[in-house]
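*Asks:* The structure that follows is given in the form of structure tokens.
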Amino acid sequence: ADFEGCDVVLGLDLASTDNTTSLAIIFLDGETPIGIMPYIWVPEEMIERRKARGDLLYFNWQAQGVLHVTPGNVTDYRVIEKTILEINEQYNIVRIGFDKWNSSQLIINLTDNIEPEKFDKVEMNIGTLSEPTKRFYKLIKNKAINHGGHPVLRWMLSNVMIYQDTNENIRPSKKSSTDKIDGIMAVIVALTALWSRPIEEDINKRFEKEGFTTS
């Protein structure tokens with residue numbers, strides 16, 4: 001699908017720098033999510049470590065261009081910053097959801113070019129994530145969102161183990177999951193930011209700023 005110029009919401013799951021780091025772009029039709037494009041980065045050393053134990057998944061995905069590699073043994077957050085600024089040129093970012101873990105300096109840098117009110121800090125507790133997680137699984141089940149068959153995202157989805165509390169709240173559990181799931185976490189963070197308040201509020205603010213009125 002061609003999403004050029006589309007409204008988008010971003011979600012970030014930075015994890016620790018020696019691990020996979022994910023950014024999810026959610027394409028919108030009004031306030032309805034219609035597409036997902038993930039960016040997933042990994043330090044070069046992690047590909048070598050997996051290869052050494054006979055696991056060629058990351059190596060093959062790098063060759064296919066669906067897994068992005070940063071040199072050395074930690075993810076270079078400047079690469080992520082540059083990617084987000086490029087997305088900002090190509091699409092209309094209405095909101096960026098992020099987990100405060102490890103992300104403060106990156107967010108500070110980004111606010112030099114993107115309005116601070118577009119950033120939403122997402123609390124990573126079960127109360128916050130439960131409803132967006134349920135709605136995300138419903139979108140997937142109903143084939144209502146296009147992820148282009150992205151192999152890394154599909155693999156991460158298959159790794160997810162869901163934790164449920166006694167009140168039937170749910171969230172993906174990184175601890176119990178069989179392998180990396182941060183691409184899915186980035187999608188859920190984006191959806192949490194999207195559904196936290198109406199997009200219309202942000203658009204009205206933007207129009208007023210540019211000298212238009214919406215009434």
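Identifiers in this document derive from the order of the structure tokens: chains are assigned A, B, ..., residues are numbered from 1 separately in each chain, and ligands are numbered from 1 in order of occurrence.
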Can you check which parts of region 99-172 of chain A lie within 8 Å of region 36-44 of chain A? Per residue, the shortest pair of atoms and distance in Å to one decimal, counting only C-alpha atoms, sorted by chain and number, as CSV.
*Replies:*
```
residue,atom,partner,partner_atom,distance
A:Ile145,CA,A:Ile36,CA,7.1
A:Asn146,CA,A:Ile36,CA,6.1
A:His147,CA,A:Ile36,CA,4.8
A:Gly148,CA,A:Ile36,CA,7.7
A:His150,CA,A:Pro38,CA,7.9
A:Leu153,CA,A:Pro38,CA,7.2
```
*Asks:* Write out as a list in words the set of residues from region 47-207 of chain A that DSSP, computed on the backbone, places in strand (DSSP E or B).
*Replies:*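 Matching residues for strand (DSSP E or B) in region 47-207 of chain A are His68, Val69, Thr70, Asn92, Ile93, Val94, Arg95, Ile96, Gly97, Phe98, Phe119, Asp120, Lys121, Asn146, Ile162, Tyr163, Gln164, Ile170, Arg171 and Pro172 of chain A.
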*Asks:* Extract, using only C-alpha atoms, all DNA, RNA and protein residues at most 8 Å from Lys180 (chain A), discarding same-chain residues fewer than 4 positions from it, and format them as JSON, numbers by chain.
*Replies:* {"A": [20, 156, 159, 174]}
*Asks:* Of the residues A:Trp155, A:Lys143, A:Leu191, A:Val122, which is the one nearest to Tyr58 (chain A), using only C-alpha atoms?
*Replies:*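 Counting only C-alpha atoms, the residue closest to Tyr58 (chain A) is A:Trp155.
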*Asks:* From a backbone DSSP assignment, name each residue in region 108-153 of chain A labelled helix (DSSP H, G or I), as a list in words.
*Replies:*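 Filtering region 108-153 of chain A down to helix (DSSP H, G or I) leaves Ile108, Asn109, Leu110, Pro116, Glu117, Lys118, Ile126, Gly127, Thr128, Leu129, Ser130, Glu131, Pro132, Thr133, Lys134, Arg135, Phe136, Tyr137, Lys138, Leu139, Ile140, Lys141, Pro151, Val152 and Leu153 of chain A.
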*Asks:* At a cut-off of 6 Å, using only C-alpha atoms, what residues contact Arg95 (chain A)? Leave out same-chain residues fewer than 3 positions from it and give the result as a list in words.
*Replies:*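 The neighbour list is Val9, Lys118 and Phe119 of chain A.
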*Asks:* Deliver the residues from the most recent selection as a file, using N, CA and C atoms, as a JSON list (two decimals), in the first residue's frame.
*Replies:*
```
[["chain", "number", "residue", "atom", "x", "y", "z"],
["A", 9, "VAL", "N", 1.55, 7.50, 13.56],
["A", 9, "VAL", "CA", 1.93, 7.49, 14.97],
["A", 9, "VAL", "C", 3.15, 6.58, 15.07],
["A", 118, "LYS", "N", 4.02, 16.44, 20.71],
["A", 118, "LYS", "CA", 3.73, 15.20, 19.95],
["A", 118, "LYS", "C", 4.25, 13.95, 20.68],
["A", 119, "PHE", "N", 5.05, 14.14, 21.73],
["A", 119, "PHE", "CA", 5.66, 13.00, 22.43],
["A", 119, "PHE", "C", 4.78, 12.57, 23.61]]
```
